[in-house]
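Colleague: Once you've had a glance at the structure underneath, I'll fire off some questions.
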Amino acid sequence: MIGKWQRVGIMGAALAYSQSTLAEYAYNLQTPASQVAQDVFDLHNLIMLVCLGIFIVVFGAMFYSLLKHRKSVGHKAAHFHENTTVEVIWTVIPFVILMGMAYPAARVVIDMKDTTNPDMTVKITGYQWMWGYDYLNEGVSFYSNLSTPREQINGTAEKGENYLLEVDEPMVVPVGKRVRLLITANDVLHSWWVPALGAKQDAIPGFIRDSWFKADKIGTYRGQCVELCGKDHGFMPIVVEVVSQEDYMAWVEKKKGAATSAAADNTRTFDAADLMARGEAVYEASCAACHQADGKGLPGVFPPISGAKIASGPIDAHIDVVLNGRPGTAMAGFADQLSDADVAAVVTYQRNAWANKTGDLVQPAQIAAARNGAAGEAAASAAQ
Amino acid sequence: MSDAAHAHDDHSHGHPSGVMRWLTTTNHKDIGSLYLWFALIMLFLAGSMALLIRAELFQPGLQLTNPDFFNQLTTMHGLIMIFGVIMPAFSGFANWQVPLMLGAPDMAFPRMNNWAFWLLPMAGIMLMGSFWLPGGAVAGGWTMYPPLFIQGGISYDLTILAVHIMGLSSIMGSINIVTTILNMRAPGLTLMKMPLFCWTWLITAYLLIATMPVLAGAVTMLLTDRNFGTHFFNAAGGGDPVMFQHIFWFFAHPEVYILILPAFGIVSQIIPTFARKPLFGYASMVYATASIAILSFIVWAHHMFTVGMPAAAQLFFMFSTMLIAVPTGVKIFNWVATMWKGSLTFETPMLFAIAFVCLFAIGGFSGLVLAIAPVDIQLHDTYYVVAHFHYVLVSGALFSIFAGIYYWLPKWTGNMYSETLGKWHFWLSVIGMNIVFFPMHFLGLAGMPRRIPDYALQFTEFNQIATVGAFIFGFSQLIFLAVVLRTIKSGEKATSRVWEGAEGLEWTLPSPAPYHTFETAPVVK
Amino acid sequence: MGQVNTEDSAGGPAGAFVFRSCPNHSLTRPQERLAFWSLAALCFATAIGFALLGYWLILPFAGFEIGLLAWAFRTLRNHAGDYESLMIVGDVVVLEWHCGHRGGGRRELNRQWARVVCNCRTPGRNCRLSLSSHGHATELGQYLNDEARLQLAATLRSRLQE
Ligand code: HEM
Ligand SMILES: [Cu+2]
Ligand SMILES: [Cu+2]
């Protein structure tokens, strides 16, 4: 009775496992879109089949014994308790099987680690909680944030098709090109992973590690940060758009144009409404994750902005914290991520939103000045 | 015999009672029970956290927790299950059984034994209490990786302190076990005649002594980085966050064997009893255990394939990890061979032992898959890994603990447990456990990262199945609690041998085992 | 601790009652050396290895722990020759013992004056047994478990009253 039930369970398990070795993608690794991912896929299938074979033989024997060698069918216990030959055989055979697995695995390892001869290089930086991309040859740089609206996460709006796997600015690469990735982090560990491309690499602050992929098919590939990086670890996806060479060139041109107009913003003078509107958008994207949309922070973890001294005290100190962060805390510096216009807008917003009513307007030129005086300010903040 | 300083009254009445009796006890059976009760309480606490995690993951979106609290739950669930449930439970078995199996009246250092236990509740209270501190409990993962672990608040320091205390407790416990097993065997009981449970605990204690300073050092360096301006793990100050991972896993890979070797021991006691046949390949079991222990020191970086190490290092750690499958396989073959041509019966301990062999093997196979570096790079930090370590820890370590309790409880209490309830507990646990953890393989393969409070829509179905399983599994543990309480209070009287096929010194005593053991030293022929 | 005990009249003068016991001591010196030095080597090798890379805080913990281990093994070694014996010959009760670094001792009591004192912290458990005379007690049966100790107490009571 018992044996039968267990057998049913095992059969089910075995069936499920065998499914995973078929081309049923929901039960197996994602459809590969690069040679490395394909190699890993095949390797995994091979190992699964071997494991399944061993499982069936060993537990077939066990369940046979559970059925036939039970006391209730009158089986009398034998008394053997060792057999050197058998023991040597079942030590040596697994060893040989393992060697058979190790060989193809080693080939893939060596292939994956070979980052030479890239067609292009992209530096990827993990931040709490977004990704930054720098195209070293093209001079294009941008940040990539989760674009799923908060309402969908909180359940007040219908969830979209790519819920949690969509970003405002995807990484774009040309098809069939070897892309070398230089991966690092700004604050804590992150890990950059796109399953279909077979590339995963931890992002380590202070160190640059490399990886590579070559996408074989045009398409959109999605992944997520896979190293616990704090509160919004689950909310910093990765989207890679693989496009044709022409589309890629067009995209590069567009990004360069956008960069020029952003640069122009940095020399403009904005009025209060513009600053507040832009500031709110920047706040939502960069600050609200910790300090919360209502500016109240999370007690004990993240300090409030609403009603806080920093937002009513000297403007310079406020700008300094936004640009340079507070060392030793989760507050990172935004000097690299935000343009002068963005910093000006968000500081203005913080000083005039919620309970804060300073009436101060901060213009991009002030930020540029603060940046230029950064060396002096760094010394001043170290002395605090 | 030594001169007592002053005479005792013939009828002194200074019996400590209530709390004092338990606080001051140096008796190995009392301490064994204390360990087991502590583990059971912690199992329910950490289990409730798991249910909250699974409830949050029942559907996409955030319903019950916020992301920070979610991370606190996963972190504390992991820390408590490992340091507060599995390890103390095995220590409880060691305290009860090792002296009985060796024919010794108590442990080698009874007073140190008392201290080792009472440190644990202190650490447990600190860990649980940190939920109520500003900022909540630790949320950096049980692996405590910096720099994230450097960012947290006061509870992070408290957790480091708690880890130190638990480490000290383990060190004292292990030194006691090593010395007891080596020194207090009855005349004639040579090492190679010891029950396998003693062997596996001897090796476990050895691993603990070898690795505990590494854990203590690692968390101390986190503490000084956090509070005293050192830069051990801070790149800006010349340190290296990846070195923490090397140090941590140098401790923690042996630690995962600390969590499973005593289970091997328990199962190796149980299967022969219900197969009515001696353990197959006793000597090879001992050698396999020893080789697993030795190999466990050279495989740690298989947890770190994605940090970006040279190909040669990846290959080394891949091959060494694959090698562990050989002695692990030997053990499984030996258990199957022990059942082969036996005269099997299926009481609850045996059911759990059989499920252990079969399901632990699934965990071993997924371990082998993860040992293959290129595959691990895809699966690292996904639900596949979560499935792997729950197969080895729940259907492995935890099932062996259940098996051991059902097996020895009649000996300890003198009463038989209810076989009907035991079977209910078994079937609900096995079925529940597989419903929770089997679908996680598919989630990991499909690309769901671990430690996330919310997930993309394509992961919904398997997560829902897992949550249903979790509640089945979780609530069936109440049956276990009921069985234990009922057996202690009442129940059919157990015979001295309890099980028809039981062999070994501990079964020669009347049940319940007298408070101290052998009257005349047994001689093992 | 474990015990080997003999309770008969062999080993003493004819007609004497002799009780002798000593703890289990199965650890041989080579086993002790192997266990201790392999652990010490492993711990210090790891700790020194990491220290050379700049992560020196493992060393003090390794030192502390190996110190504790050394103390444990030394304590066991000190107690290797422990025993206790009691002999009743005629009207004299002779107690002899050896206990670790506290060394050995011997005491003679008059059978009529010797009183058996048995004191249990919890009923039937954690009992201490001693033989007392002239306000001075000598503990007995340390290497026995409670049952054996209680039984010894009963035996002694009847023997002393004979
Ligand atoms: C055949 C034996 C085993 C092999 C080859 C093996 C292999 C592995 C590998 C390669 C990983 C890393 C996965 C990753 O993070 O990417 C892993 C993780 C893990 N294994 Fe095993 N394993 C085995 C048995 C065990 C046993 C017996 C236990 C404990 C009882 C265990 C507990 C764990 C745990 C807790 C983790 C995850 C740690 C974490 O990242 O939080 N494994 N195993
Ligand atoms: Cu992350
Ligand atoms: Cu490991």
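Ligands are numbered from 1 in the order shown, chains are lettered A, B, ... in the order of the structure tokens, and residues start at 1 in each chain.
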Just list as a list of chain:residue names whatever in range 62-146 of chain C DSSP marks as alpha helix (DSSP H).
Modeller: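 Alpha helix (DSSP H) members of range 62-146 of chain C, listed: C:Ala62, C:Gly63, C:Phe64, C:Glu65, C:Ile66, C:Gly67, C:Leu68, C:Leu69, C:Ala70, C:Trp71, C:Ala72, C:Phe73, C:Arg74, C:Thr75, C:Leu76, C:Arg77, C:Asn78, C:Asp146.
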Colleague: For a quick test of understanding: name the residues of chain C lying within 7 Å of chain B when counting only C-alpha atoms, and present them as a PyMOL selection string.
Modeller: chain C and resi 1-5+24-27+39+42-43+55+57-58+61-62+69+84+97+117-119+121-122+125+132+135-142+144-148
Colleague: What would the file look like if the residues just selected were written as a PDB file, in the first residue's frame with C-alpha atoms?
Modeller:
ATOM      1  CA  MET C   1      32.108   9.639  33.873  1.00  0.00           C
ATOM      2  CA  GLY C   2      31.883   6.083  32.726  1.00  0.00           C
ATOM      3  CA  GLN C   3      32.906   3.399  35.081  1.00  0.00           C
ATOM      4  CA  VAL C   4      34.284  -0.013  35.533  1.00  0.00           C
ATOM      5  CA  ASN C   5      33.441  -1.294  38.922  1.00  0.00           C
ATOM      6  CA  ASN C  24      35.886   4.965  31.041  1.00  0.00           C
ATOM      7  CA  HIS C  25      39.065   6.037  29.389  1.00  0.00           C
ATOM      8  CA  SER C  26      39.058   4.854  25.828  1.00  0.00           C
ATOM      9  CA  LEU C  27      41.171   7.660  24.364  1.00  0.00           C
ATOM     10  CA  LEU C  39      42.392  20.187  14.374  1.00  0.00           C
ATOM     11  CA  LEU C  42      43.590  22.839  10.179  1.00  0.00           C
ATOM     12  CA  CYS C  43      42.363  25.811  12.198  1.00  0.00           C
ATOM     13  CA  TYR C  55      41.969  39.102   7.068  1.00  0.00           C
ATOM     14  CA  LEU C  57      40.654  38.510  12.721  1.00  0.00           C
ATOM     15  CA  ILE C  58      40.147  34.777  12.352  1.00  0.00           C
ATOM     16  CA  PHE C  61      39.227  32.974  17.470  1.00  0.00           C
ATOM     17  CA  ALA C  62      41.244  29.997  16.276  1.00  0.00           C
ATOM     18  CA  LEU C  69      40.316  22.104  23.070  1.00  0.00           C
ATOM     19  CA  GLU C  84      37.903   5.202  43.968  1.00  0.00           C
ATOM     20  CA  TRP C  97      40.873   7.585  45.727  1.00  0.00           C
ATOM     21  CA  VAL C 117      24.630  10.293  53.279  1.00  0.00           C
ATOM     22  CA  CYS C 118      22.629  10.344  50.097  1.00  0.00           C
ATOM     23  CA  ASN C 119      21.298  13.545  48.715  1.00  0.00           C
ATOM     24  CA  ARG C 121      18.754  17.268  43.817  1.00  0.00           C
ATOM     25  CA  THR C 122      15.646  15.972  42.134  1.00  0.00           C
ATOM     26  CA  ARG C 125      18.206  12.072  40.037  1.00  0.00           C
ATOM     27  CA  SER C 132      30.422  10.730  56.775  1.00  0.00           C
ATOM     28  CA  GLY C 135      31.306  15.758  60.799  1.00  0.00           C
ATOM     29  CA  HIS C 136      33.486  15.047  57.823  1.00  0.00           C
ATOM     30  CA  ALA C 137      32.072  13.592  54.584  1.00  0.00           C
ATOM     31  CA  THR C 138      33.879  11.840  51.759  1.00  0.00           C
ATOM     32  CA  GLU C 139      32.117  11.603  48.424  1.00  0.00           C
ATOM     33  CA  LEU C 140      31.637   8.209  46.873  1.00  0.00           C
ATOM     34  CA  GLY C 141      30.383   6.733  43.626  1.00  0.00           C
ATOM     35  CA  GLN C 142      31.282   9.650  41.412  1.00  0.00           C
ATOM     36  CA  LEU C 144      28.432   5.774  38.693  1.00  0.00           C
ATOM     37  CA  ASN C 145      25.092   6.792  37.371  1.00  0.00           C
ATOM     38  CA  ASP C 146      22.312   7.566  39.829  1.00  0.00           C
ATOM     39  CA  GLU C 147      20.787   4.110  39.837  1.00  0.00           C
ATOM     40  CA  ALA C 148      24.082   2.450  40.555  1.00  0.00           C
TER      41      ALA C 148
END
Colleague: Counting only C-alpha atoms, which residues from chain B have an atom at most 6 Å from any atom of chain A, and could you show them as an MDAnalysis selection string?
Modeller: chainID B and resid 61:62 67:68 134:135 147:148 151 235 277:278 280:281 306:307 336 340:345 374:375 381 442 445:446 449 452 456
Colleague: Hey, what's within 8 Å of Lys331 in chain B if we count only C-alpha atoms and toss same-chain stuff fewer than 4 positions away? As a ChimeraX atom specification, please?
Modeller: /B:285,288,327,335
Colleague: Let me have all residues with an atom within 9 Å of ligand 3, counting only C-alpha atoms and all ligand atoms, laid out as a ChimeraX atom specification.
Modeller: /B:249,252-257,296,299-303,321,367,371
Colleague: I'd like the neighbourhood of range 42-46 of chain B as a list of chain:residue names, where a residue qualifies if any of its atoms comes within 10 Å (using only C-alpha atoms), though same-chain residues fewer than 6 positions away should be ignored.
Modeller: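 Near range 42-46 of chain B, the qualifying residues are B:Leu36, B:Leu52, B:Leu73, B:Thr74, B:Met76, B:His77, B:Gly78, B:Leu79, B:Ile80, B:Met81, B:Ile82, B:Phe83, B:Gly84, B:Val85, B:Ile86, B:Pro88, B:Ala89, B:Pro121, B:Gly124, B:Met128, B:Leu398, B:Gly474, B:Phe475, B:Gln477, B:Leu478, B:Leu481.
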Colleague: Let me see the file: selected residues, C-alpha atoms, as a PDB file, in the first residue's frame.
Modeller:
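Wrote it out as selection-v7.pdb, contents follow:
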ATOM      1  CA  LEU B  36      14.974  19.454  21.133  1.00  0.00           C
ATOM      2  CA  LEU B  52       4.139  34.640   5.485  1.00  0.00           C
ATOM      3  CA  LEU B  73      11.538  37.510   6.754  1.00  0.00           C
ATOM      4  CA  THR B  74      13.712  35.585   4.295  1.00  0.00           C
ATOM      5  CA  MET B  76      15.556  35.523   9.615  1.00  0.00           C
ATOM      6  CA  HIS B  77      13.851  32.409   8.270  1.00  0.00           C
ATOM      7  CA  GLY B  78      17.193  31.212   6.929  1.00  0.00           C
ATOM      8  CA  LEU B  79      19.276  32.127   9.967  1.00  0.00           C
ATOM      9  CA  ILE B  80      16.839  30.609  12.451  1.00  0.00           C
ATOM     10  CA  MET B  81      16.211  27.416  10.499  1.00  0.00           C
ATOM     11  CA  ILE B  82      19.927  26.730  10.213  1.00  0.00           C
ATOM     12  CA  PHE B  83      21.269  27.905  13.559  1.00  0.00           C
ATOM     13  CA  GLY B  84      18.119  27.592  15.651  1.00  0.00           C
ATOM     14  CA  VAL B  85      16.399  24.470  14.350  1.00  0.00           C
ATOM     15  CA  ILE B  86      18.552  21.950  12.510  1.00  0.00           C
ATOM     16  CA  PRO B  88      20.175  22.389  17.941  1.00  0.00           C
ATOM     17  CA  ALA B  89      17.959  19.440  17.056  1.00  0.00           C
ATOM     18  CA  PRO B 121      17.975  30.823  23.959  1.00  0.00           C
ATOM     19  CA  GLY B 124      17.387  33.232  19.886  1.00  0.00           C
ATOM     20  CA  MET B 128      13.712  37.455  17.359  1.00  0.00           C
ATOM     21  CA  LEU B 398      14.347  17.817   8.863  1.00  0.00           C
ATOM     22  CA  GLY B 474       3.195  23.924   7.626  1.00  0.00           C
ATOM     23  CA  PHE B 475      -0.069  22.968   9.254  1.00  0.00           C
ATOM     24  CA  GLN B 477       3.510  20.016  11.665  1.00  0.00           C
ATOM     25  CA  LEU B 478       0.828  20.662  14.271  1.00  0.00           C
ATOM     26  CA  LEU B 481       3.401  18.597  18.009  1.00  0.00           C
TER      27      LEU B 481
END
